[in-house]
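**Q** One structure coming up, written as structure tokens, with questions to follow.
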Amino acid sequence: MEQHYKLERVRELADNDADFIKSLAEAFLEEVPEDAERLKKAVAEQDFYNAYQAAHKMKPTVDLFELGVLHHLIVVQDWGKFEKVGEDCSKELQLVLTAVEYATAELKKDFNL
């Protein structure tokens with residue numbers, strides 16, 4: 001448990017309410033993998049607007065669950081926001097996608113979801 005994510009800030013936010021913690025984990029599982037796919041597609045298509053939107057939406061949850069890739073996600077977000085034509089953010093994107101994948105699998109297992 002908590003190998004690819006951390007619950008310290010989640011517990012603090014939820015005031016250690018187990019049901020609320022589980023609902024936050026469920027919200028992560030409903031939103032973040034879908035947004036990660038949207039981000040992956042947007043970067044592949046050089047769709048700056050949607051890359052920015054997806055990364056920006058993911059930031060608070062990635063930060064709350066402390067996936068350890070917030071700074072990489074911000075690099076991808078800024079790539080989209082500032083339309084950094086010619087710059088490559090694929091390394092940072094891959095780190096974010098891998099972290100989301102691992103955290104998703106672990107949250108499903110840890111919370112029996």
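Residue names in the structure tokens use chain letters A, B, ... in the order shown, residue numbers from 1 in each chain, and ligand numbers from 1 in the order shown.
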What residues in chain A get the DSSP label alpha helix (DSSP H)? Please answer as a ChimeraX atom specification.

**A** /A:8-14,18-44,48-64,70-81,90-110

**Q** For A:Asn112, find every residue with an atom within 12 Å (counting only C-alpha atoms), except residues of its own chain fewer than 2 positions away, and show them as JSON, numbers by chain.

**A** {"A": [1, 22, 25, 26, 29, 104, 105, 106, 107, 108, 109, 110]}

**Q** Would you pick out the contacts of stretch 32-47 of chain A at 9 Å or less, using only C-alpha atoms, so that residues sharing its chain but fewer than 2 positions from it are not included, and give the list as a ChimeraX atom specification?

**A** /A:27-30,49-55,57-58,61-62,76,79-80,83,85,89-90,93-94,96-97,100-101,104

**Q** Could the residues of stretch 40-84 of chain A that have an atom at most 10 Å from stretch 10-16 of chain A be listed as a tab-separated table, each with its closest atom pair and the distance in Å to one decimal, counting only C-alpha atoms and ordered by chain and ascending residue number?

**A**
residue	atom	partner	partner_atom	distance
A:Thr61	CA	A:Val10	CA	9.7
A:Leu64	CA	A:Val10	CA	6.3
A:Phe65	CA	A:Val10	CA	6.6
A:Glu66	CA	A:Val10	CA	9.3

**Q** Calculate how many Å separate atom CA of A:Ser23 from atom CA of A:Leu7, rounding to one decimal.

**A**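 So the two atoms, atom CA of A:Ser23 and atom CA of A:Leu7, lie 12.7 Å apart.
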